[in-house]
file work.cif (mmCIF, C-alpha atoms)
data_my_file
#
loop_
_atom_site.label_atom_id
_atom_site.label_comp_id
_atom_site.auth_asym_id
_atom_site.auth_seq_id
_atom_site.Cartn_x
_atom_site.Cartn_y
_atom_site.Cartn_z
CA MET A 1 -75.10 67.51 186.18
CA THR A 2 -71.84 65.61 185.78
CA THR A 3 -68.59 66.83 187.26
CA ALA A 4 -65.58 67.86 185.18
CA ALA A 5 -63.74 65.15 183.29
CA LEU A 6 -60.75 63.62 185.05
CA PRO A 7 -57.36 63.23 183.38
CA THR A 8 -56.96 59.68 182.09
CA GLU A 9 -54.15 58.84 184.49
CA GLN A 10 -56.36 59.67 187.48
CA ARG A 11 -59.17 57.31 186.52
CA LEU A 12 -59.37 53.91 188.19
CA LEU A 13 -62.04 52.74 185.76
CA HIS A 14 -61.64 53.07 181.99
CA PHE A 15 -64.62 52.68 179.69
CA PRO A 16 -64.02 52.33 175.94
CA GLY A 17 -67.58 53.40 175.18
CA LEU A 18 -71.12 53.54 176.44
CA PRO A 19 -73.44 50.55 176.99
CA PRO A 20 -77.06 50.46 175.78
CA LEU A 21 -79.49 52.69 177.66
CA THR A 22 -83.01 51.76 178.77
CA LEU A 23 -85.66 53.52 180.82
CA TYR A 24 -87.51 52.35 183.94
CA VAL A 25 -90.60 54.25 185.15
CA HIS A 26 -92.04 53.46 188.59
CA LEU A 27 -95.77 53.89 189.21
CA PRO A 28 -96.09 53.11 192.92
CA TRP A 29 -99.79 52.53 193.62
CA CYS A 30 -101.60 49.20 193.91
CA VAL A 31 -105.05 48.04 195.01
CA ARG A 32 -103.65 46.29 198.08
CA LYS A 33 -100.13 45.71 199.34
CA CYS A 34 -99.25 42.01 199.13
CA PRO A 35 -97.68 40.57 202.30
CA TYR A 36 -94.58 39.31 200.44
CA CYS A 37 -93.93 42.54 198.51
CA ASP A 38 -90.87 44.66 199.33
CA PHE A 39 -91.23 47.03 196.36
CA ASN A 40 -91.85 50.72 196.90
CA SER A 41 -95.62 50.45 196.56
CA TYR A 42 -98.63 51.99 198.32
CA GLU A 43 -102.30 51.12 198.51
CA ALA A 44 -104.37 53.55 196.49
CA ARG A 45 -106.82 55.48 198.64
CA GLY A 46 -109.48 56.43 196.13
CA ALA A 47 -108.70 57.53 192.60
CA VAL A 48 -105.03 57.73 191.65
CA ALA A 49 -103.91 61.20 190.54
CA ASP A 50 -102.26 59.61 187.54
CA VAL A 51 -101.90 62.65 185.28
CA ALA A 52 -100.32 64.76 188.03
CA TYR A 53 -97.91 61.93 188.82
CA VAL A 54 -97.00 61.52 185.14
CA ASP A 55 -96.18 65.24 184.97
CA SER A 56 -93.85 64.77 187.94
CA VAL A 57 -92.17 61.85 186.17
CA LEU A 58 -91.64 63.96 183.06
CA ARG A 59 -90.03 66.69 185.16
CA ASP A 60 -87.83 63.97 186.60
CA LEU A 61 -86.90 62.87 183.08
CA ARG A 62 -85.92 66.36 182.00
CA SER A 63 -83.62 66.67 185.01
CA GLU A 64 -81.86 63.42 183.97
CA LEU A 65 -81.16 64.47 180.38
CA PRO A 66 -77.70 66.00 181.04
CA GLN A 67 -76.57 62.54 182.14
CA VAL A 68 -77.46 60.92 178.82
CA ALA A 69 -77.33 63.65 176.19
CA GLY A 70 -77.66 62.30 172.68
CA ARG A 71 -78.19 58.68 173.69
CA ALA A 72 -81.14 56.66 172.40
CA ILE A 73 -83.45 54.68 174.68
CA GLU A 74 -83.48 51.03 173.61
CA ALA A 75 -86.40 49.84 175.78
CA VAL A 76 -88.90 51.15 178.34
CA PHE A 77 -90.26 49.26 181.35
CA ILE A 78 -93.19 50.69 183.33
CA GLY A 79 -93.31 48.91 186.68
CA GLY A 80 -94.85 49.27 190.09
CA GLY A 81 -97.01 48.99 192.07
CA THR A 82 -99.70 48.24 189.56
CA PRO A 83 -99.25 50.46 186.49
CA SER A 84 -102.47 49.13 184.96
CA LEU A 85 -104.32 51.25 187.53
CA PHE A 86 -103.32 54.26 185.43
CA SER A 87 -105.65 55.36 182.65
CA GLY A 88 -104.82 54.93 179.00
CA ASP A 89 -104.69 58.73 178.70
CA ALA A 90 -102.10 58.96 181.49
CA ILE A 91 -99.90 56.30 179.88
CA ALA A 92 -100.22 58.05 176.52
CA ARG A 93 -99.21 61.33 178.18
CA LEU A 94 -96.21 59.59 179.73
CA LEU A 95 -94.99 57.97 176.51
CA ASP A 96 -95.63 61.09 174.43
CA GLY A 97 -93.54 63.04 176.94
CA VAL A 98 -90.76 60.46 176.76
CA ARG A 99 -90.72 60.61 172.95
CA SER A 100 -90.53 64.40 172.97
CA ALA A 101 -87.61 64.43 175.42
CA VAL A 102 -85.42 61.55 174.18
CA THR A 103 -84.88 59.42 171.11
CA LEU A 104 -86.65 56.08 171.31
CA ALA A 105 -85.08 53.35 169.20
CA PRO A 106 -87.44 52.43 166.32
CA ALA A 107 -88.00 48.90 167.64
CA ALA A 108 -88.01 49.83 171.33
CA GLU A 109 -89.78 47.28 173.51
CA ILE A 110 -92.21 49.12 175.81
CA THR A 111 -93.44 46.95 178.69
CA LEU A 112 -96.17 47.74 181.21
CA GLU A 113 -96.91 45.65 184.30
CA ALA A 114 -100.54 44.73 184.87
CA ASN A 115 -102.46 42.80 187.50
CA PRO A 116 -105.70 40.85 186.99
CA GLY A 117 -108.54 42.78 188.52
CA ALA A 118 -106.78 46.10 187.85
CA ALA A 119 -107.32 46.29 184.09
CA ASP A 120 -109.86 45.33 181.46
CA ALA A 121 -109.98 44.92 177.69
CA ALA A 122 -110.69 48.59 177.05
CA ARG A 123 -107.78 49.72 179.20
CA PHE A 124 -105.42 47.21 177.56
CA ALA A 125 -106.52 48.54 174.17
CA ALA A 126 -105.79 52.10 175.33
CA PHE A 127 -102.32 51.05 176.51
CA ARG A 128 -101.70 49.46 173.11
CA GLU A 129 -102.83 52.64 171.36
CA ALA A 130 -100.47 54.67 173.59
CA GLY A 131 -97.50 52.64 172.36
CA VAL A 132 -97.14 49.84 174.90
CA ASN A 133 -96.16 46.71 172.97
CA ARG A 134 -95.50 44.23 175.78
CA LEU A 135 -97.38 43.39 178.99
CA SER A 136 -96.19 41.64 182.15
CA ILE A 137 -99.17 40.16 183.99
CA GLY A 138 -98.80 39.28 187.68
CA ILE A 139 -100.81 36.08 188.14
CA GLN A 140 -98.71 34.16 190.74
CA SER A 141 -101.10 31.18 190.99
CA PHE A 142 -104.24 29.72 189.42
CA ARG A 143 -105.47 28.35 192.76
CA ASP A 144 -107.82 30.61 194.67
CA ALA A 145 -106.70 29.45 198.13
CA GLN A 146 -103.07 30.25 197.32
CA LEU A 147 -104.02 33.61 195.85
CA ARG A 148 -105.79 34.47 199.11
CA ALA A 149 -102.76 33.35 201.12
CA LEU A 150 -100.59 35.65 198.98
CA GLY A 151 -102.93 38.59 199.54
CA ARG A 152 -103.81 38.91 195.86
CA VAL A 153 -106.97 40.79 194.92
CA HIS A 154 -107.88 38.53 191.98
CA ASP A 155 -108.96 34.92 191.57
CA ALA A 156 -108.07 32.31 188.95
CA ALA A 157 -110.96 33.32 186.68
CA ALA A 158 -109.78 36.93 186.68
CA ALA A 159 -106.26 35.77 185.81
CA ARG A 160 -107.46 33.92 182.74
CA ALA A 161 -109.72 36.83 181.80
CA ALA A 162 -106.76 39.22 181.95
CA VAL A 163 -104.79 37.12 179.49
CA ALA A 164 -107.79 36.89 177.17
CA ALA A 165 -108.24 40.68 177.38
CA ALA A 166 -104.58 41.24 176.57
CA ARG A 167 -104.87 39.06 173.47
CA ALA A 168 -108.10 40.77 172.41
CA ALA A 169 -106.29 44.11 172.62
CA GLY A 170 -103.63 42.85 170.20
CA PHE A 171 -100.85 41.86 172.59
CA ASP A 172 -99.02 38.77 171.37
CA ASN A 173 -95.91 39.64 173.39
CA PHE A 174 -96.66 39.25 177.07
CA ASN A 175 -95.16 37.73 180.20
CA ILE A 176 -96.94 36.06 183.07
CA ASP A 177 -95.53 35.80 186.60
CA LEU A 178 -96.00 32.59 188.58
CA MET A 179 -94.68 31.56 192.00
CA TYR A 180 -93.75 28.27 193.63
CA GLY A 181 -92.67 27.32 197.16
CA LEU A 182 -95.90 28.77 198.52
CA PRO A 183 -97.49 28.43 201.97
CA GLY A 184 -99.24 25.09 202.37
CA HIS A 185 -96.81 23.47 199.95
CA ASP A 186 -98.42 21.27 197.33
CA ALA A 187 -95.94 20.16 194.66
CA GLU A 188 -98.62 18.83 192.32
CA GLY A 189 -100.63 22.02 192.70
CA GLU A 190 -97.63 24.20 191.92
CA LEU A 191 -96.80 22.16 188.83
CA ALA A 192 -100.46 22.38 187.80
CA ASP A 193 -100.17 26.18 188.13
CA LEU A 194 -97.24 26.06 185.73
CA GLU A 195 -99.14 23.85 183.30
CA HIS A 196 -102.09 26.26 183.39
CA GLY A 197 -99.68 29.09 182.62
CA LEU A 198 -98.11 27.20 179.73
CA ALA A 199 -101.56 26.45 178.32
CA LEU A 200 -102.08 30.21 177.92
CA ALA A 201 -99.02 30.28 175.61
CA PRO A 202 -97.36 33.51 176.80
CA ALA A 203 -94.26 34.71 174.98
CA HIS A 204 -92.36 34.84 178.27
CA LEU A 205 -92.83 33.31 181.70
CA SER A 206 -91.26 34.39 185.00
CA TRP A 207 -91.37 31.44 187.40
CA TYR A 208 -89.83 32.18 190.76
CA GLN A 209 -89.72 30.98 194.32
CA LEU A 210 -91.52 32.89 197.05
CA THR A 211 -88.92 34.33 199.40
CA ILE A 212 -89.44 36.19 202.64
CA GLU A 213 -88.06 39.71 202.28
CA PRO A 214 -87.24 42.05 205.18
CA ASN A 215 -89.76 44.72 206.14
CA THR A 216 -92.76 42.87 204.73
CA ALA A 217 -95.86 41.48 206.41
CA PHE A 218 -94.57 37.96 205.80
CA ALA A 219 -91.28 38.87 207.51
CA ARG A 220 -93.19 39.99 210.59
CA ARG A 221 -95.45 36.91 210.59
CA PRO A 222 -93.81 34.25 208.41
CA PRO A 223 -96.07 31.64 206.84
CA PRO A 224 -94.99 27.99 206.88
CA LEU A 225 -92.91 27.39 203.75
CA PRO A 226 -91.60 24.13 202.25
CA ASP A 227 -88.05 22.96 202.90
CA ASP A 228 -85.28 23.19 200.31
CA ASP A 229 -85.56 19.56 199.18
CA LEU A 230 -89.25 19.90 198.36
CA VAL A 231 -88.61 23.13 196.49
CA ALA A 232 -85.73 21.57 194.54
CA GLY A 233 -88.02 18.75 193.41
CA VAL A 234 -90.59 21.21 192.08
CA GLU A 235 -87.87 23.21 190.32
CA GLU A 236 -86.48 20.17 188.53
CA ARG A 237 -89.86 19.00 187.30
CA GLY A 238 -91.00 22.51 186.42
CA ARG A 239 -87.93 23.26 184.33
CA ALA A 240 -88.53 20.08 182.38
CA LEU A 241 -92.10 21.19 181.67
CA LEU A 242 -90.92 24.61 180.52
CA ALA A 243 -88.26 23.17 178.23
CA ALA A 244 -90.68 20.68 176.70
CA ALA A 245 -93.08 23.55 175.96
CA GLY A 246 -90.38 25.54 174.13
CA TYR A 247 -89.38 28.01 176.84
CA ALA A 248 -85.63 28.45 177.24
CA ARG A 249 -84.32 29.46 180.64
CA TYR A 250 -82.07 32.48 180.18
CA GLU A 251 -81.95 33.90 183.70
CA ILE A 252 -82.45 32.35 187.14
CA SER A 253 -86.24 32.73 187.02
CA ALA A 254 -86.94 33.89 183.43
CA TYR A 255 -88.02 31.67 180.53
CA ALA A 256 -88.81 32.79 177.00
CA ARG A 257 -89.70 31.62 173.56
CA VAL A 258 -87.21 32.41 170.80
CA GLY A 259 -86.84 36.18 170.33
CA ARG A 260 -89.00 37.06 173.34
CA ARG A 261 -86.49 37.76 176.10
CA SER A 262 -87.20 40.94 178.08
CA ALA A 263 -85.13 43.71 176.48
CA HIS A 264 -84.99 45.99 179.54
CA ASN A 265 -84.19 43.17 181.95
CA LEU A 266 -81.48 41.78 179.67
CA ASN A 267 -79.84 45.18 179.58
CA TYR A 268 -80.00 45.32 183.38
CA TRP A 269 -78.40 41.89 183.78
CA ARG A 270 -75.71 42.74 181.24
CA PHE A 271 -74.83 45.82 183.31
CA GLY A 272 -76.14 48.28 180.79
CA ASP A 273 -77.26 51.78 181.71
CA TYR A 274 -80.81 52.74 182.62
CA LEU A 275 -82.60 55.85 183.79
CA GLY A 276 -84.91 55.38 186.77
CA LEU A 277 -87.89 57.74 186.94
CA GLY A 278 -90.55 58.01 189.63
CA ALA A 279 -90.85 57.54 193.38
CA GLY A 280 -88.11 55.23 194.65
CA ALA A 281 -86.77 54.45 191.16
CA HIS A 282 -83.12 53.43 190.73
CA GLY A 283 -80.92 54.31 187.78
CA LYS A 284 -77.36 53.60 186.65
CA VAL A 285 -75.30 55.68 184.22
CA THR A 286 -71.73 55.15 182.99
CA LEU A 287 -69.56 58.30 182.92
CA PRO A 288 -66.48 57.48 180.80
CA GLU A 289 -64.85 60.91 181.12
CA GLU A 290 -65.01 60.66 184.89
CA GLY A 291 -63.96 57.02 185.10
CA ALA A 292 -67.04 56.22 187.14
CA ILE A 293 -70.49 54.68 187.31
CA GLU A 294 -73.19 56.70 189.00
CA ARG A 295 -76.21 55.18 190.70
CA ARG A 296 -79.13 57.53 191.21
CA VAL A 297 -82.09 56.87 193.53
CA LYS A 298 -85.25 59.00 193.71
CA THR A 299 -87.07 59.88 196.89
CA ARG A 300 -89.48 57.08 197.85
CA ASN A 301 -92.61 58.83 199.10
CA PRO A 302 -94.92 59.59 196.15
CA ARG A 303 -96.18 62.86 197.61
CA THR A 304 -92.67 64.08 198.39
CA PHE A 305 -91.52 62.95 194.96
CA GLY A 306 -94.32 64.92 193.34
CA GLU A 307 -93.19 68.05 195.17
CA GLN A 308 -89.48 67.59 194.51
CA ALA A 309 -89.33 65.93 191.08
CA GLY A 310 -86.89 67.63 188.77
CA GLY A 311 -84.88 69.16 191.60
CA ALA A 312 -81.75 68.10 193.42
CA ALA A 313 -83.69 67.20 196.57
CA ALA A 314 -85.46 64.36 194.76
CA VAL A 315 -82.33 62.34 194.00
CA SER A 316 -79.42 60.83 195.89
CA CYS A 317 -76.29 59.68 194.09
CA GLU A 318 -73.62 57.06 194.67
CA ARG A 319 -70.39 57.27 192.73
CA ILE A 320 -68.72 53.94 191.92
CA ASP A 321 -65.10 54.34 190.89
CA ALA A 322 -63.44 51.53 192.86
CA PRO A 323 -62.53 48.58 190.61
CA ARG A 324 -63.54 45.89 193.10
CA GLN A 325 -67.00 47.33 193.64
CA ALA A 326 -67.56 47.79 189.90
CA ALA A 327 -66.43 44.21 189.23
CA LEU A 328 -68.69 42.77 191.91
CA GLU A 329 -71.73 44.70 190.72
CA PHE A 330 -71.12 43.56 187.14
CA LEU A 331 -70.88 39.92 188.20
CA LEU A 332 -73.85 40.19 190.56
CA ASN A 333 -75.99 40.81 187.49
CA ALA A 334 -74.20 38.97 184.67
CA LEU A 335 -73.87 35.66 186.47
CA ARG A 336 -77.65 35.43 186.84
CA LEU A 337 -77.80 34.77 183.10
CA VAL A 338 -77.77 31.07 182.28
CA ASP A 339 -75.56 31.65 179.23
CA GLY A 340 -73.42 34.18 181.07
CA VAL A 341 -71.80 36.96 179.05
CA ASP A 342 -68.90 37.36 176.67
CA ALA A 343 -65.77 37.74 178.81
CA GLN A 344 -64.84 40.93 176.96
CA LEU A 345 -68.02 42.58 178.20
CA PHE A 346 -66.38 42.72 181.64
CA ALA A 347 -63.77 45.25 180.48
CA ALA A 348 -66.37 47.29 178.61
CA ARG A 349 -68.94 47.48 181.42
CA ALA A 350 -66.84 47.13 184.61
CA GLY A 351 -64.12 49.45 183.30
CA GLN A 352 -61.07 47.28 183.99
CA PRO A 353 -59.15 44.41 182.39
CA LEU A 354 -60.33 40.85 182.86
CA THR A 355 -57.05 40.09 184.60
CA ALA A 356 -58.33 42.11 187.58
CA ILE A 357 -60.48 39.14 188.60
CA ALA A 358 -58.15 36.37 187.40
CA ALA A 359 -57.43 34.89 190.84
CA ALA A 360 -61.06 34.80 191.97
CA ARG A 361 -62.11 33.47 188.57
CA SER A 362 -59.64 30.60 188.83
CA ALA A 363 -60.87 29.78 192.33
CA ALA A 364 -64.48 29.73 191.09
CA VAL A 365 -63.58 27.42 188.21
CA ALA A 366 -61.71 25.09 190.59
CA ARG A 367 -64.85 24.79 192.76
CA GLY A 368 -66.97 23.96 189.73
CA TRP A 369 -69.00 27.15 190.10
CA LEU A 370 -67.75 28.97 187.00
CA ALA A 371 -67.38 27.43 183.55
CA PRO A 372 -63.76 26.91 182.42
CA ASP A 373 -64.33 28.97 179.28
CA ALA A 374 -61.73 31.60 178.41
CA ASP A 375 -64.21 33.52 176.27
CA ALA A 376 -67.17 33.66 178.66
CA LEU A 377 -68.13 34.45 182.23
CA ARG A 378 -70.77 31.86 182.97
CA ALA A 379 -71.90 30.20 186.17
CA THR A 380 -72.32 26.44 186.02
CA PRO A 381 -75.66 24.96 187.16
CA LEU A 382 -74.00 24.38 190.54
CA GLY A 383 -72.73 27.95 190.54
CA ILE A 384 -76.21 29.30 189.91
CA GLU A 385 -77.51 27.27 192.85
CA ARG A 386 -74.72 28.72 195.01
CA LEU A 387 -74.61 32.16 193.48
CA ASN A 388 -74.11 34.04 196.74
CA ARG A 389 -71.10 31.89 197.65
CA LEU A 390 -69.75 32.29 194.13
CA LEU A 391 -69.99 36.08 194.37
CA GLU A 392 -68.22 36.09 197.73
CA LEU A 393 -65.06 34.98 195.91
CA PHE A 394 -65.02 38.31 194.08
CA ALA A 395 -65.93 40.54 197.04
#
call {"tool": "encode", "arguments": {"input": "work.cif", "output": "structure tokens"}}
result
Amino acid sequence: MTTAALPTEQRLLHFPGLPPLTLYVHLPWCVRKCPYCDFNSYEARGAVADVAYVDSVLRDLRSELPQVAGRAIEAVFIGGGTPSLFSGDAIARLLDGVRSAVTLAPAAEITLEANPGAADAARFAAFREAGVNRLSIGIQSFRDAQLRALGRVHDAAAARAAVAAARAAGFDNFNIDLMYGLPGHDAEGELADLEHGLALAPAHLSWYQLTIEPNTAFARRPPPLPDDDLVAGVEERGRALLAAAGYARYEISAYARVGRRSAHNLNYWRFGDYLGLGAGAHGKVTLPEEGAIERRVKTRNPRTFGEQAGGAAAVSCERIDAPRQAALEFLLNALRLVDGVDAQLFAARAGQPLTAIAAARSAAVARGWLAPDADALRATPLGIERLNRLLELFA
């Protein structure tokens, strides 16, 4: 529940209205934990108790409703883990429960993550019947040796079969994930991966560099990775391939055909609001009457989450009401977008006038990291390359 409204003069942040609201649902199980993965995911030991977990998620949703009373959900993203391990009946139960609890916008984009080897044509068809209208398929590479090095459970043939199954089930809106900068660096092989992905004609393509994250198997035993110059060469050539094929880069690692940008992710990068449901899920809600943003994080362990979902013990909250922190968090997301955002969105979403960051903004423009555009907040290509240093100016 929210706390009592603060008098206007006591609020450090002032929000003229509410941003769009989306929904993220975390399904934490996978066939095998990949050595580079730092998500809250767990290897399934036998059959996944998907219906019981969905019921826990729906209890979680009901407990969140006071935060967002009367607001419509603009998009849904079901991530993991490997959500395609869940049955079509479980996903239908989840989405039916969401529809009965909140208002879904008529054209809401509903995305489900899937991995080759963890779904088939019949399951994709069941997801489609349940209301899923977009898939995100984690392929990573079309080379079997690289897939083994990444700990993936599928091979290149299974990757292509998954895309064919998605199309057969009626999905024309789908994303595929591909990586570059892999162990045993082979620039031509990585560009060939990208060309194979483009040949499948997805609506959206996420093409991102492998990075070593803390608390992963790769962090404990790092594989040999290519140096920055080699990676930069692949990036330059790969972006040219993507552009020539009609995919516009709109975020650091996201490329889409016209009208196919990810609705949930765009809302996230534009500092919109989102509910986070499930084990380890994160959410963010704007509270205008309290002059604050609240971040909510659910307990990570799936078993503990199942026991506590819907109760206060399942969630921890962070209240953001300091202007500098709100500004930095807004920019941390918005400046990932290649086109940036309208400058006026800063006041609406960060709760303070644009003049609050005037000095840091001027310094960023002087360094060539931020575009000298009075009406936009947009990192230059150099600024995107040096995003962490750019953000330090606003910290």
call {"tool": "resolve_selection", "arguments": {"input": "work.cif", "expression": "the PyMOL selection byres ((chain A and resi 291) around 12)", "output": "PyMOL selection string"}}
result
chain A and resi 2-18+285-290+292-294+319-323+326+348-352
call {"tool": "resolve_selection", "arguments": {"input": "work.cif", "expression": "the PyMOL selection byres ((chain A and resi 126) around 12)", "output": "list in words"}}
result
Ser84, Phe86, Ser87, Gly88, Asp89, Ala90, Ile91, Ala92, Arg93, Ala119, Asp120, Ala121, Ala122, Arg123, Phe124, Ala125, Phe127, Arg128, Glu129, Ala130, Gly131, Val132, Asn133, Ala165, Ala166, Ala168, Ala169, Gly170 and Phe171 of chain A
call {"tool": "closest_atom_pairs", "arguments": {"input": "work.cif", "of": "region 59-98 of chain A", "to": "region 266-284 of chain A", "cutoff": "9 Å", "atoms": "only C-alpha atoms", "output": "CSV"}}
result
residue,atom,partner,partner_atom,distance
A:Asp60,CA,A:Leu277,CA,6.2
A:Leu61,CA,A:Leu277,CA,6.5
A:Glu64,CA,A:Leu275,CA,7.6
A:Val68,CA,A:Leu275,CA,8.8
A:Ile73,CA,A:Tyr274,CA,8.6
A:Ala75,CA,A:Asn267,CA,8.9
call {"tool": "residues_around", "arguments": {"input": "work.cif", "residues": "region 246-256 of chain A", "least_positions_apart": "6", "cutoff": "10 Å", "atoms": "only C-alpha atoms", "output": "MDAnalysis selection string"}}
result
chainID A and resid 175 177:179 198 201:209 239:240 262 265:266 269 333:340 384:385
call {"tool": "residues_around", "arguments": {"input": "work.cif", "residues": "Ser316 (chain A)", "least_positions_apart": "3", "cutoff": "8 Å", "atoms": "only C-alpha atoms", "output": "list in words"}}
result
Arg296, Val297, Lys298, Thr299 and Ala313 of chain A
call {"tool": "atom_distance", "arguments": {"input": "work.cif", "atom1": "CA of Phe174 (chain A)", "atom2": "CA of Val76 (chain A)"}}
result
14.3 Å
call {"tool": "residues_around", "arguments": {"input": "work.cif", "residues": "Leu147 (chain A)", "least_positions_apart": "6", "cutoff": "12 Å", "atoms": "all atoms listed in the file", "output": "PyMOL selection string"}}
result
chain A and resi 34-36+116+138-141+153-159+178-180+182-184+193
call {"tool": "residues_around", "arguments": {"input": "work.cif", "residues": "Asp375 (chain A)", "least_positions_apart": "3", "cutoff": "8 Å", "atoms": "only C-alpha atoms", "output": "VMD selection string"}}
result
chain A and resid 342 to 344
call {"tool": "closest_residue", "arguments": {"input": "work.cif", "among": "A:Pro20, A:Ala314, A:Ala376, A:Asp227", "to": "Ser63 (chain A)", "atoms": "all atoms listed in the file"}}
result
A:Ala314
call {"tool": "residues_around", "arguments": {"input": "work.cif", "residues": "Pro83 (chain A)", "least_positions_apart": "5", "cutoff": "7 Å", "atoms": "all atoms listed in the file", "output": "list in words"}}
result
Leu27, Ile78, Leu112, Glu113 and Ala114 of chain A
call {"tool": "resolve_selection", "arguments": {"input": "work.cif", "expression": "the PyMOL selection byres ((chain A and resi 37) around 9)", "output": "list in words"}}
result
Lys33, Cys34, Pro35, Tyr36, Asp38, Phe39, Asn40, Ser41, Ile212, Glu213, Asn215, Thr216, Ala217 and Phe218 of chain A
call {"tool": "write_last_selection", "arguments": {"input": "work.cif", "atoms": "C-alpha atoms", "output": "mmCIF file, in the frame of the given file"}}
result
data_model
loop_
_atom_site.group_PDB
_atom_site.id
_atom_site.type_symbol
_atom_site.label_atom_id
_atom_site.label_comp_id
_atom_site.auth_asym_id
_atom_site.auth_seq_id
_atom_site.Cartn_x
_atom_site.Cartn_y
_atom_site.Cartn_z
ATOM 1 C CA LYS A 33 -100.130 45.710 199.340
ATOM 2 C CA CYS A 34 -99.250 42.010 199.130
ATOM 3 C CA PRO A 35 -97.680 40.570 202.300
ATOM 4 C CA TYR A 36 -94.580 39.310 200.440
ATOM 5 C CA ASP A 38 -90.870 44.660 199.330
ATOM 6 C CA PHE A 39 -91.230 47.030 196.360
ATOM 7 C CA ASN A 40 -91.850 50.720 196.900
ATOM 8 C CA SER A 41 -95.620 50.450 196.560
ATOM 9 C CA ILE A 212 -89.440 36.190 202.640
ATOM 10 C CA GLU A 213 -88.060 39.710 202.280
ATOM 11 C CA ASN A 215 -89.760 44.720 206.140
ATOM 12 C CA THR A 216 -92.760 42.870 204.730
ATOM 13 C CA ALA A 217 -95.860 41.480 206.410
ATOM 14 C CA PHE A 218 -94.570 37.960 205.800
#
call {"tool": "atom_distance", "arguments": {"input": "work.cif", "atom1": "CA of Arg237 (chain A)", "atom2": "CA of Leu191 (chain A)"}}
result
7.8 Å
call {"tool": "atom_distance", "arguments": {"input": "work.cif", "atom1": "CA of Phe305 (chain A)", "atom2": "CA of Ser56 (chain A)"}}
result
7.6 Å
call {"tool": "residues_near_point", "arguments": {"input": "work.cif", "point": "(-97.5, 53.9, 195.4)", "cutoff": "6 Å", "atoms": "all atoms listed in the file", "output": "PDB file with C-alpha atoms, keeping the file's coordinate frame"}}
result
ATOM      1  CA  PRO A  28     -96.090  53.110 192.920  1.00  0.00           C
ATOM      2  CA  TRP A  29     -99.790  52.530 193.620  1.00  0.00           C
ATOM      3  CA  SER A  41     -95.620  50.450 196.560  1.00  0.00           C
ATOM      4  CA  TYR A  42     -98.630  51.990 198.320  1.00  0.00           C
ATOM      5  CA  GLY A  81     -97.010  48.990 192.070  1.00  0.00           C
TER       6      GLY A  81
END
call {"tool": "closest_residue", "arguments": {"input": "work.cif", "among": "A:Glu235, A:Asp144, A:Asp228, A:Glu74", "to": "Glu188 (chain A)", "atoms": "only C-alpha atoms"}}
result
A:Glu235
call {"tool": "closest_residue", "arguments": {"input": "work.cif", "among": "A:Cys317, A:Leu370, A:Ala363, A:Val102", "to": "Val341 (chain A)", "atoms": "all atoms listed in the file"}}
result
A:Leu370
call {"tool": "axis_aligned_box", "arguments": {"input": "work.cif", "around": "region 285-297 of chain A", "padding_each_side": "5 Å", "output": "JSON"}}
result
{"center_x": -73.0, "center_y": 57.8, "center_z": 187.2, "size_x": 28.1, "size_y": 16.2, "size_z": 22.7}
call {"tool": "closest_residue", "arguments": {"input": "work.cif", "among": "A:Leu23, A:Ala44, A:Arg143, A:Asp172", "to": "Arg99 (chain A)", "atoms": "all atoms listed in the file"}}
result
A:Leu23
call {"tool": "closest_residue", "arguments": {"input": "work.cif", "among": "A:Ala187, A:Asn388, A:Gln146, A:Leu85", "to": "Ala118 (chain A)", "atoms": "only C-alpha atoms"}}
result
A:Leu85
